[in-house]
Amino acid sequence: MVMPQALLEKSVDKRVSLLLKDGRILEGKLTGFDEYMNMVLEETTENNVSGGEERRLGAVVLRGNNVVSISIL
Amino acid sequence: MVMPQALLEKSVDKRVSLLLKDGRILEGKLTGFDEYMNMVLEETTENNVSGGEERRLGAVVLRGNNVVSISIL
Amino acid sequence: MVMPQALLEKSVDKRVSLLLKDGRILEGKLTGFDEYMNMVLEETTENNVSGGEERRLGAVVLRGNNVVSISIL
Amino acid sequence: MVMPQALLEKSVDKRVSLLLKDGRILEGKLTGFDEYMNMVLEETTENNVSGGEERRLGAVVLRGNNVVSISIL
Amino acid sequence: MVMPQALLEKSVDKRVSLLLKDGRILEGKLTGFDEYMNMVLEETTENNVSGGEERRLGAVVLRGNNVVSISIL
Amino acid sequence: MVMPQALLEKSVDKRVSLLLKDGRILEGKLTGFDEYMNMVLEETTENNVSGGEERRLGAVVLRGNNVVSISIL
Amino acid sequence: MVMPQALLEKSVDKRVSLLLKDGRILEGKLTGFDEYMNMVLEETTENNVSGGEERRLGAVVLRGNNVVSISIL
């Protein structure tokens, strides 16, 4: 069995794609997380699904309770 | 009586279909979960109900509080 | 006085109808539940109120915080 | 001072009207409740405000966090 | 400093106006409350903002997590 | 570092502007708050952004989980 | 690994951009935060995405559960 936190630990320093509750998708290097699934991403970009623009966000802290899913890229 | 966590335990390494709060449906192999019903899916695909496209998501961590239901396939 | 958990216990192996927060109605045999009102249904069908179609879902785990009410059939 | 739980206790076996978060109104005999305000109603009917139809639901367990208010009839 | 619970305590047996999350406004005599801000109102009326009608609700238990604010009248 | 609760403490008896989750903006004198950020305002007015009317609310208790932000005026 | 709280600590007295659940974006100097990710911003401005206006808010306390993400500028 692969525990969710264990997979996140293995994914530190890898690129991930985060889906947020409001539909935003952030891509970046996962550099940390805590037990509430608050996360730190670096070199983050926001890929808006509807439009084609990409926004560069740099270092970002995300609150866990807005995160729907984390895909390991 | 079948406890919810017991059924999930029996379903590890089986294919499941997850319904999320925002209406998305993910299908994949359940490889783990924790007491908050955070889950790990592998070989995940997103089956959008309205459109016909299927998106391949690979390994995904899902936060339990966005999960509505898990169907064992 | 009939405690909610006591009524659920008496309803194990009986058919119930679950109303979810998003308006879905699931019908199935209640085979288990836990203290968070997470539930296990078997032989589950989804009865969409607006349309006439019925979807067969088999064994389903439901997260308690998406459940509005449980009617004993 | 009348504590909320005390008024509910005094209302057991009386008819109450429950307003749910999604706007539904249920009427029935309150037969039990717990500390989360999960409730058991018997001889329950759903009175849809917009339409004139009344649905008979029988014995129902309601999750407290979907309940907005309980009026003693 | 006036603690929120202290102001509520001083307001017992006074008339208050409650604003609920769904926009409803209830007016009544506050007869009790608990640490979750669940409340008991008596001689309650619902003043719908949009329409002019007033509904008499009598004794009502309100769940604290649906209450936005309490104005002392 | 200025802790959030410390700034609130320094703001007691000062005028603040509260933004609520439903978009309402209340202005008043902050007379108290607790650890859940439940607050007491006095001489409160509601400034509706869209319309020009101002409503006088007097003494108000606000539940912390409906508060988005507090600006010190 | 960079814990979320550690990155916030390093960002005290730096300018940050906060995305709130309702879509507002606040920019200001982070002067403090607590374990719930409640935050204190100073010299805060609200940058409305849709319109071009900028509102000056000064010192602001934000409740953590309305914060989606914090970008370090």
# chains A, B, ... in the order shown; residues from 1 in each chain; ligands from 1

call {"tool": "interface_residues", "arguments": {"of": "chain G", "to": "chain A", "cutoff": "8 Å", "atoms": "only C-alpha atoms", "output": "list in words"}}
result
Met1, Val2, Met3, Pro4, Leu7, Leu8, Lys21, Val67, Val68, Ser69, Ile70, Ser71, Ile72 and Leu73 of chain G

call {"tool": "select_by_dssp", "arguments": {"residues": "chain C", "states": "strand (DSSP E)", "output": "ChimeraX atom specification"}}
result
/C:15-20,25-33,39-47,54-62,67-72

call {"tool": "atom_distance", "arguments": {"atom1": "CA of Lys14 in chain F", "atom2": "CA of Glu35 in chain G"}}
result
25.6 Å

call {"tool": "select_by_dssp", "arguments": {"residues": "chain D", "states": "helix (DSSP H, G or I)", "output": "list in words"}}
result
Pro4, Gln5, Ala6, Leu7, Leu8, Glu9, Lys10, Gly64, Asn65 and Asn66 of chain D

call {"tool": "write_last_selection", "arguments": {"atoms": "N, CA, C and O atoms", "output": "PDB file, in the first residue's frame"}}
result
ATOM      1  N   PRO D   4     -29.958  24.929  23.500  1.00  0.00           N
ATOM      2  CA  PRO D   4     -30.508  24.314  22.287  1.00  0.00           C
ATOM      3  C   PRO D   4     -30.775  22.808  22.448  1.00  0.00           C
ATOM      4  O   PRO D   4     -31.847  22.325  22.076  1.00  0.00           O
ATOM      5  N   GLN D   5     -29.829  22.082  23.047  1.00  0.00           N
ATOM      6  CA  GLN D   5     -30.034  20.629  23.203  1.00  0.00           C
ATOM      7  C   GLN D   5     -31.205  20.340  24.150  1.00  0.00           C
ATOM      8  O   GLN D   5     -31.915  19.349  23.979  1.00  0.00           O
ATOM      9  N   ALA D   6     -31.405  21.221  25.135  1.00  0.00           N
ATOM     10  CA  ALA D   6     -32.509  21.005  26.070  1.00  0.00           C
ATOM     11  C   ALA D   6     -33.854  21.163  25.371  1.00  0.00           C
ATOM     12  O   ALA D   6     -34.799  20.397  25.615  1.00  0.00           O
ATOM     13  N   LEU D   7     -33.952  22.149  24.477  1.00  0.00           N
ATOM     14  CA  LEU D   7     -35.213  22.337  23.764  1.00  0.00           C
ATOM     15  C   LEU D   7     -35.476  21.149  22.833  1.00  0.00           C
ATOM     16  O   LEU D   7     -36.618  20.684  22.713  1.00  0.00           O
ATOM     17  N   LEU D   8     -34.394  20.632  22.211  1.00  0.00           N
ATOM     18  CA  LEU D   8     -34.566  19.448  21.350  1.00  0.00           C
ATOM     19  C   LEU D   8     -35.054  18.266  22.195  1.00  0.00           C
ATOM     20  O   LEU D   8     -35.935  17.520  21.775  1.00  0.00           O
ATOM     21  N   GLU D   9     -34.479  18.105  23.381  1.00  0.00           N
ATOM     22  CA  GLU D   9     -34.875  16.985  24.244  1.00  0.00           C
ATOM     23  C   GLU D   9     -36.361  17.062  24.580  1.00  0.00           C
ATOM     24  O   GLU D   9     -37.061  16.044  24.575  1.00  0.00           O
ATOM     25  N   LYS D  10     -36.805  18.268  24.876  1.00  0.00           N
ATOM     26  CA  LYS D  10     -38.216  18.455  25.207  1.00  0.00           C
ATOM     27  C   LYS D  10     -39.128  18.222  23.996  1.00  0.00           C
ATOM     28  O   LYS D  10     -40.334  18.020  24.140  1.00  0.00           O
ATOM     29  N   GLY D  64     -26.474  16.400  10.857  1.00  0.00           N
ATOM     30  CA  GLY D  64     -26.599  17.699  11.488  1.00  0.00           C
ATOM     31  C   GLY D  64     -26.045  18.845  10.668  1.00  0.00           C
ATOM     32  O   GLY D  64     -26.605  19.936  10.655  1.00  0.00           O
ATOM     33  N   ASN D  65     -24.963  18.625   9.930  1.00  0.00           N
ATOM     34  CA  ASN D  65     -24.355  19.792   9.282  1.00  0.00           C
ATOM     35  C   ASN D  65     -25.107  20.238   8.033  1.00  0.00           C
ATOM     36  O   ASN D  65     -24.680  21.169   7.360  1.00  0.00           O
ATOM     37  N   ASN D  66     -26.236  19.604   7.733  1.00  0.00           N
ATOM     38  CA  ASN D  66     -27.095  20.083   6.659  1.00  0.00           C
ATOM     39  C   ASN D  66     -28.346  20.760   7.174  1.00  0.00           C
ATOM     40  O   ASN D  66     -29.169  21.231   6.398  1.00  0.00           O
TER      41      ASN D  66
END

call {"tool": "calpha_fit_and_write", "arguments": {"fixed": "chain C", "moving": "chain D", "output": "JSON list (two decimals) with N, CA, C and O atoms, in the first residue's frame"}}
result
[["chain", "number", "residue", "atom", "x", "y", "z"],
["D", 1, "MET", "N", -36.02, 7.43, 23.14],
["D", 1, "MET", "CA", -35.28, 8.19, 22.12],
["D", 1, "MET", "C", -34.50, 7.23, 21.21],
["D", 1, "MET", "O", -33.88, 6.29, 21.69],
["D", 2, "VAL", "N", -34.56, 7.49, 19.91],
["D", 2, "VAL", "CA", -33.84, 6.65, 18.93],
["D", 2, "VAL", "C", -32.63, 7.43, 18.44],
["D", 2, "VAL", "O", -32.77, 8.40, 17.70],
["D", 3, "MET", "N", -31.42, 7.04, 18.84],
["D", 3, "MET", "CA", -30.23, 7.74, 18.39],
["D", 3, "MET", "C", -30.01, 7.49, 16.89],
["D", 3, "MET", "O", -30.29, 6.38, 16.40],
["D", 4, "PRO", "N", -29.50, 8.48, 16.15],
["D", 4, "PRO", "CA", -29.27, 8.30, 14.71],
["D", 4, "PRO", "C", -28.41, 7.06, 14.40],
["D", 4, "PRO", "O", -28.76, 6.27, 13.52],
["D", 5, "GLN", "N", -27.33, 6.86, 15.16],
["D", 5, "GLN", "CA", -26.47, 5.69, 14.88],
["D", 5, "GLN", "C", -27.22, 4.38, 15.16],
["D", 5, "GLN", "O", -26.98, 3.37, 14.49],
["D", 6, "ALA", "N", -28.12, 4.41, 16.14],
["D", 6, "ALA", "CA", -28.87, 3.19, 16.46],
["D", 6, "ALA", "C", -29.81, 2.82, 15.32],
["D", 6, "ALA", "O", -29.96, 1.64, 14.97],
["D", 7, "LEU", "N", -30.44, 3.83, 14.72],
["D", 7, "LEU", "CA", -31.35, 3.53, 13.61],
["D", 7, "LEU", "C", -30.56, 3.00, 12.41],
["D", 7, "LEU", "O", -31.01, 2.07, 11.72],
["D", 8, "LEU", "N", -29.35, 3.57, 12.19],
["D", 8, "LEU", "CA", -28.51, 3.07, 11.09],
["D", 8, "LEU", "C", -28.14, 1.61, 11.36],
["D", 8, "LEU", "O", -28.16, 0.78, 10.46],
["D", 9, "GLU", "N", -27.80, 1.30, 12.61],
["D", 9, "GLU", "CA", -27.41, -0.07, 12.95],
["D", 9, "GLU", "C", -28.54, -1.05, 12.65],
["D", 9, "GLU", "O", -28.31, -2.14, 12.12],
["D", 10, "LYS", "N", -29.74, -0.63, 13.00],
["D", 10, "LYS", "CA", -30.90, -1.49, 12.75],
["D", 10, "LYS", "C", -31.19, -1.63, 11.25],
["D", 10, "LYS", "O", -31.91, -2.55, 10.83],
["D", 11, "SER", "N", -30.64, -0.70, 10.45],
["D", 11, "SER", "CA", -30.94, -0.69, 9.01],
["D", 11, "SER", "C", -29.90, -1.44, 8.19],
["D", 11, "SER", "O", -30.02, -1.51, 6.96],
["D", 12, "VAL", "N", -28.86, -1.99, 8.85],
["D", 12, "VAL", "CA", -27.83, -2.73, 8.10],
["D", 12, "VAL", "C", -28.50, -3.92, 7.43],
["D", 12, "VAL", "O", -29.34, -4.60, 8.02],
["D", 13, "ASP", "N", -28.13, -4.12, 6.15],
["D", 13, "ASP", "CA", -28.69, -5.19, 5.31],
["D", 13, "ASP", "C", -30.10, -4.87, 4.81],
["D", 13, "ASP", "O", -30.72, -5.71, 4.16],
["D", 14, "LYS", "N", -30.56, -3.67, 5.10],
["D", 14, "LYS", "CA", -31.85, -3.25, 4.53],
["D", 14, "LYS", "C", -31.57, -2.26, 3.38],
["D", 14, "LYS", "O", -30.48, -1.70, 3.27],
["D", 15, "ARG", "N", -32.56, -2.04, 2.55],
["D", 15, "ARG", "CA", -32.40, -1.08, 1.46],
["D", 15, "ARG", "C", -32.67, 0.33, 1.99],
["D", 15, "ARG", "O", -33.59, 0.56, 2.77],
["D", 16, "VAL", "N", -31.81, 1.25, 1.57],
["D", 16, "VAL", "CA", -31.94, 2.65, 1.98],
["D", 16, "VAL", "C", -31.83, 3.54, 0.74],
["D", 16, "VAL", "O", -31.33, 3.12, -0.32],
["D", 17, "SER", "N", -32.29, 4.74, 0.89],
["D", 17, "SER", "CA", -32.16, 5.74, -0.16],
["D", 17, "SER", "C", -31.37, 6.90, 0.43],
["D", 17, "SER", "O", -31.72, 7.45, 1.47],
["D", 18, "LEU", "N", -30.23, 7.23, -0.21],
["D", 18, "LEU", "CA", -29.36, 8.30, 0.27],
["D", 18, "LEU", "C", -29.52, 9.53, -0.60],
["D", 18, "LEU", "O", -29.40, 9.45, -1.83],
["D", 19, "LEU", "N", -29.72, 10.66, 0.04],
["D", 19, "LEU", "CA", -29.70, 11.93, -0.69],
["D", 19, "LEU", "C", -28.35, 12.57, -0.45],
["D", 19, "LEU", "O", -27.92, 12.77, 0.69],
["D", 20, "LEU", "N", -27.62, 12.88, -1.55],
["D", 20, "LEU", "CA", -26.31, 13.52, -1.44],
["D", 20, "LEU", "C", -26.44, 15.03, -1.61],
["D", 20, "LEU", "O", -27.44, 15.53, -2.13],
["D", 21, "LYS", "N", -25.40, 15.76, -1.17],
["D", 21, "LYS", "CA", -25.43, 17.22, -1.22],
["D", 21, "LYS", "C", -25.62, 17.76, -2.63],
["D", 21, "LYS", "O", -26.19, 18.83, -2.81],
["D", 22, "ASP", "N", -25.11, 17.05, -3.62],
["D", 22, "ASP", "CA", -25.22, 17.55, -4.99],
["D", 22, "ASP", "C", -26.55, 17.15, -5.63],
["D", 22, "ASP", "O", -26.73, 17.33, -6.83],
["D", 23, "GLY", "N", -27.47, 16.58, -4.83],
["D", 23, "GLY", "CA", -28.79, 16.28, -5.33],
["D", 23, "GLY", "C", -28.96, 14.85, -5.84],
["D", 23, "GLY", "O", -30.08, 14.43, -6.14],
["D", 24, "ARG", "N", -27.85, 14.11, -5.98],
["D", 24, "ARG", "CA", -27.97, 12.72, -6.42],
["D", 24, "ARG", "C", -28.72, 11.90, -5.39],
["D", 24, "ARG", "O", -28.61, 12.14, -4.19],
["D", 25, "ILE", "N", -29.42, 10.89, -5.85],
["D", 25, "ILE", "CA", -30.09, 9.95, -4.96],
["D", 25, "ILE", "C", -29.59, 8.56, -5.27],
["D", 25, "ILE", "O", -29.64, 8.12, -6.42],
["D", 26, "LEU", "N", -29.02, 7.89, -4.27],
["D", 26, "LEU", "CA", -28.52, 6.54, -4.44],
["D", 26, "LEU", "C", -29.41, 5.59, -3.65],
["D", 26, "LEU", "O", -29.81, 5.89, -2.53],
["D", 27, "GLU", "N", -29.70, 4.46, -4.27],
["D", 27, "GLU", "CA", -30.46, 3.43, -3.56],
["D", 27, "GLU", "C", -29.62, 2.18, -3.50],
["D", 27, "GLU", "O", -28.96, 1.82, -4.49],
["D", 28, "GLY", "N", -29.60, 1.51, -2.35],
["D", 28, "GLY", "CA", -28.83, 0.28, -2.27],
["D", 28, "GLY", "C", -29.01, -0.38, -0.92],
["D", 28, "GLY", "O", -29.73, 0.13, -0.06],
["D", 29, "LYS", "N", -28.33, -1.50, -0.75],
["D", 29, "LYS", "CA", -28.38, -2.21, 0.53],
["D", 29, "LYS", "C", -27.29, -1.63, 1.41],
["D", 29, "LYS", "O", -26.11, -1.64, 1.05],
["D", 30, "LEU", "N", -27.63, -1.11, 2.58],
["D", 30, "LEU", "CA", -26.64, -0.57, 3.52],
["D", 30, "LEU", "C", -25.90, -1.74, 4.14],
["D", 30, "LEU", "O", -26.50, -2.57, 4.84],
["D", 31, "THR", "N", -24.58, -1.83, 3.89],
["D", 31, "THR", "CA", -23.86, -2.95, 4.52],
["D", 31, "THR", "C", -22.92, -2.50, 5.62],
["D", 31, "THR", "O", -22.37, -3.33, 6.33],
["D", 32, "GLY", "N", -22.74, -1.19, 5.79],
["D", 32, "GLY", "CA", -21.89, -0.74, 6.89],
["D", 32, "GLY", "C", -21.80, 0.77, 6.94],
["D", 32, "GLY", "O", -22.15, 1.46, 5.99],
["D", 33, "PHE", "N", -21.31, 1.29, 8.05],
["D", 33, "PHE", "CA", -21.11, 2.74, 8.23],
["D", 33, "PHE", "C", -20.15, 2.92, 9.39],
["D", 33, "PHE", "O", -19.95, 2.01, 10.19],
["D", 34, "ASP", "N", -19.56, 4.10, 9.51],
["D", 34, "ASP", "CA", -18.69, 4.37, 10.65],
["D", 34, "ASP", "C", -19.17, 5.63, 11.37],
["D", 34, "ASP", "O", -20.22, 6.17, 11.05],
["D", 35, "GLU", "N", -18.38, 6.09, 12.35],
["D", 35, "GLU", "CA", -18.85, 7.19, 13.21],
["D", 35, "GLU", "C", -18.93, 8.52, 12.47],
["D", 35, "GLU", "O", -19.56, 9.45, 12.95],
["D", 36, "TYR", "N", -18.29, 8.64, 11.29],
["D", 36, "TYR", "CA", -18.41, 9.86, 10.49],
["D", 36, "TYR", "C", -19.58, 9.78, 9.51],
["D", 36, "TYR", "O", -19.75, 10.64, 8.67],
["D", 37, "MET", "N", -20.35, 8.70, 9.61],
["D", 37, "MET", "CA", -21.45, 8.43, 8.68],
["D", 37, "MET", "C", -20.94, 8.18, 7.26],
["D", 37, "MET", "O", -21.68, 8.36, 6.29],
["D", 38, "ASN", "N", -19.64, 7.81, 7.14],
["D", 38, "ASN", "CA", -19.21, 7.18, 5.90],
["D", 38, "ASN", "C", -20.00, 5.88, 5.78],
["D", 38, "ASN", "O", -20.26, 5.22, 6.79],
["D", 39, "MET", "N", -20.39, 5.53, 4.56],
["D", 39, "MET", "CA", -21.27, 4.37, 4.41],
["D", 39, "MET", "C", -20.81, 3.45, 3.30],
["D", 39, "MET", "O", -20.13, 3.88, 2.37],
["D", 40, "VAL", "N", -21.23, 2.20, 3.42],
["D", 40, "VAL", "CA", -21.02, 1.24, 2.34],
["D", 40, "VAL", "C", -22.39, 0.79, 1.85],
["D", 40, "VAL", "O", -23.21, 0.34, 2.64],
["D", 41, "LEU", "N", -22.60, 0.96, 0.57],
["D", 41, "LEU", "CA", -23.83, 0.44, -0.06],
["D", 41, "LEU", "C", -23.44, -0.67, -1.03],
["D", 41, "LEU", "O", -22.42, -0.59, -1.70],
["D", 42, "GLU", "N", -24.29, -1.68, -1.15],
["D", 42, "GLU", "CA", -24.10, -2.70, -2.19],
["D", 42, "GLU", "C", -25.31, -2.71, -3.10],
["D", 42, "GLU", "O", -26.37, -2.21, -2.74],
["D", 43, "GLU", "N", -25.12, -3.27, -4.29],
["D", 43, "GLU", "CA", -26.20, -3.29, -5.30],
["D", 43, "GLU", "C", -26.80, -1.89, -5.45],
["D", 43, "GLU", "O", -28.01, -1.71, -5.43],
["D", 44, "THR", "N", -25.88, -0.92, -5.58],
["D", 44, "THR", "CA", -26.30, 0.48, -5.60],
["D", 44, "THR", "C", -26.76, 0.90, -6.99],
["D", 44, "THR", "O", -26.16, 0.52, -7.99],
["D", 45, "THR", "N", -27.80, 1.67, -7.03],
["D", 45, "THR", "CA", -28.22, 2.31, -8.27],
["D", 45, "THR", "C", -28.38, 3.80, -8.02],
["D", 45, "THR", "O", -28.73, 4.21, -6.92],
["D", 46, "GLU", "N", -28.07, 4.57, -9.05],
["D", 46, "GLU", "CA", -28.25, 6.01, -8.94],
["D", 46, "GLU", "C", -29.50, 6.38, -9.71],
["D", 46, "GLU", "O", -29.62, 6.13, -10.90],
["D", 47, "ASN", "N", -30.43, 6.97, -9.00],
["D", 47, "ASN", "CA", -31.69, 7.38, -9.64],
["D", 47, "ASN", "C", -31.65, 8.87, -9.88],
["D", 47, "ASN", "O", -31.83, 9.65, -8.95],
["D", 48, "ASN", "N", -31.34, 9.26, -11.07],
["D", 48, "ASN", "CA", -31.33, 10.68, -11.36],
["D", 48, "ASN", "C", -32.75, 11.21, -11.40],
["D", 48, "ASN", "O", -33.61, 10.68, -12.10],
["D", 49, "VAL", "N", -32.99, 12.27, -10.63],
["D", 49, "VAL", "CA", -34.34, 12.79, -10.53],
["D", 49, "VAL", "C", -34.81, 13.39, -11.85],
["D", 49, "VAL", "O", -35.90, 13.11, -12.33],
["D", 50, "SER", "N", -33.95, 14.22, -12.43],
["D", 50, "SER", "CA", -34.36, 14.93, -13.65],
["D", 50, "SER", "C", -34.54, 13.97, -14.83],
["D", 50, "SER", "O", -35.56, 13.96, -15.49],
["D", 51, "GLY", "N", -33.56, 13.13, -15.08],
["D", 51, "GLY", "CA", -33.66, 12.19, -16.20],
["D", 51, "GLY", "C", -34.28, 10.89, -15.73],
["D", 51, "GLY", "O", -34.49, 10.66, -14.55],
["D", 52, "GLY", "N", -34.57, 10.00, -16.64],
["D", 52, "GLY", "CA", -35.20, 8.75, -16.27],
["D", 52, "GLY", "C", -34.21, 7.60, -16.14],
["D", 52, "GLY", "O", -34.57, 6.52, -15.70],
["D", 53, "GLU", "N", -32.95, 7.84, -16.51],
["D", 53, "GLU", "CA", -31.97, 6.75, -16.53],
["D", 53, "GLU", "C", -31.56, 6.33, -15.12],
["D", 53, "GLU", "O", -31.49, 7.15, -14.22],
["D", 54, "GLU", "N", -31.23, 5.10, -14.98],
["D", 54, "GLU", "CA", -30.76, 4.56, -13.72],
["D", 54, "GLU", "C", -29.37, 3.99, -13.97],
["D", 54, "GLU", "O", -29.17, 3.25, -14.93],
["D", 55, "ARG", "N", -28.36, 4.36, -13.14],
["D", 55, "ARG", "CA", -27.01, 3.83, -13.32],
["D", 55, "ARG", "C", -26.70, 2.80, -12.25],
["D", 55, "ARG", "O", -26.95, 3.04, -11.08],
["D", 56, "ARG", "N", -26.17, 1.67, -12.64],
["D", 56, "ARG", "CA", -25.79, 0.63, -11.67],
["D", 56, "ARG", "C", -24.37, 0.88, -11.21],
["D", 56, "ARG", "O", -23.45, 1.00, -12.03],
["D", 57, "LEU", "N", -24.16, 0.98, -9.89],
["D", 57, "LEU", "CA", -22.85, 1.32, -9.36],
["D", 57, "LEU", "C", -22.23, 0.20, -8.53],
["D", 57, "LEU", "O", -21.07, 0.28, -8.16],
["D", 58, "GLY", "N", -22.96, -0.83, -8.21],
["D", 58, "GLY", "CA", -22.40, -1.95, -7.43],
["D", 58, "GLY", "C", -22.05, -1.55, -6.02],
["D", 58, "GLY", "O", -22.84, -0.90, -5.34],
["D", 59, "ALA", "N", -20.84, -1.91, -5.55],
["D", 59, "ALA", "CA", -20.40, -1.59, -4.19],
["D", 59, "ALA", "C", -19.81, -0.19, -4.17],
["D", 59, "ALA", "O", -18.93, 0.13, -4.97],
["D", 60, "VAL", "N", -20.28, 0.62, -3.24],
["D", 60, "VAL", "CA", -19.88, 2.03, -3.20],
["D", 60, "VAL", "C", -19.55, 2.43, -1.76],
["D", 60, "VAL", "O", -20.27, 2.07, -0.83],
["D", 61, "VAL", "N", -18.45, 3.17, -1.60],
["D", 61, "VAL", "CA", -18.15, 3.82, -0.32],
["D", 61, "VAL", "C", -18.53, 5.29, -0.45],
["D", 61, "VAL", "O", -18.13, 5.96, -1.40],
["D", 62, "LEU", "N", -19.30, 5.80, 0.50],
["D", 62, "LEU", "CA", -19.71, 7.21, 0.47],
["D", 62, "LEU", "C", -19.13, 7.96, 1.65],
["D", 62, "LEU", "O", -19.20, 7.48, 2.78],
["D", 63, "ARG", "N", -18.60, 9.14, 1.38],
["D", 63, "ARG", "CA", -18.09, 9.97, 2.49],
["D", 63, "ARG", "C", -19.25, 10.64, 3.19],
["D", 63, "ARG", "O", -20.09, 11.28, 2.56],
["D", 64, "GLY", "N", -19.24, 10.52, 4.52],
["D", 64, "GLY", "CA", -20.33, 11.04, 5.32],
["D", 64, "GLY", "C", -20.64, 12.50, 5.09],
["D", 64, "GLY", "O", -21.80, 12.91, 5.09],
["D", 65, "ASN", "N", -19.63, 13.32, 4.84],
["D", 65, "ASN", "CA", -19.94, 14.76, 4.79],
["D", 65, "ASN", "C", -20.59, 15.18, 3.48],
["D", 65, "ASN", "O", -20.86, 16.36, 3.27],
["D", 66, "ASN", "N", -20.88, 14.22, 2.60],
["D", 66, "ASN", "CA", -21.66, 14.52, 1.40],
["D", 66, "ASN", "C", -23.08, 14.01, 1.49],
["D", 66, "ASN", "O", -23.88, 14.19, 0.58],
["D", 67, "VAL", "N", -23.37, 13.36, 2.62],
["D", 67, "VAL", "CA", -24.69, 12.76, 2.78],
["D", 67, "VAL", "C", -25.61, 13.76, 3.47],
["D", 67, "VAL", "O", -25.24, 14.35, 4.48],
["D", 68, "VAL", "N", -26.77, 14.00, 2.92],
["D", 68, "VAL", "CA", -27.76, 14.87, 3.55],
["D", 68, "VAL", "C", -28.71, 14.05, 4.42],
["D", 68, "VAL", "O", -28.92, 14.36, 5.59],
["D", 69, "SER", "N", -29.25, 12.98, 3.85],
["D", 69, "SER", "CA", -30.22, 12.20, 4.63],
["D", 69, "SER", "C", -30.26, 10.76, 4.14],
["D", 69, "SER", "O", -29.90, 10.45, 3.00],
["D", 70, "ILE", "N", -30.68, 9.90, 5.02],
["D", 70, "ILE", "CA", -30.80, 8.47, 4.74],
["D", 70, "ILE", "C", -32.24, 8.07, 5.08],
["D", 70, "ILE", "O", -32.65, 8.19, 6.22],
["D", 71, "SER", "N", -32.96, 7.62, 4.05],
["D", 71, "SER", "CA", -34.33, 7.14, 4.29],
["D", 71, "SER", "C", -34.30, 5.61, 4.32],
["D", 71, "SER", "O", -33.75, 4.99, 3.41],
["D", 72, "ILE", "N", -34.93, 5.04, 5.32],
["D", 72, "ILE", "CA", -35.03, 3.59, 5.40],
["D", 72, "ILE", "C", -36.21, 3.17, 4.53],
["D", 72, "ILE", "O", -37.33, 3.65, 4.73],
["D", 73, "LEU", "N", -35.95, 2.23, 3.60],
["D", 73, "LEU", "CA", -37.02, 1.86, 2.64],
["D", 73, "LEU", "C", -37.84, 0.66, 3.17],
["D", 73, "LEU", "O", -37.49, 0.06, 4.17]]
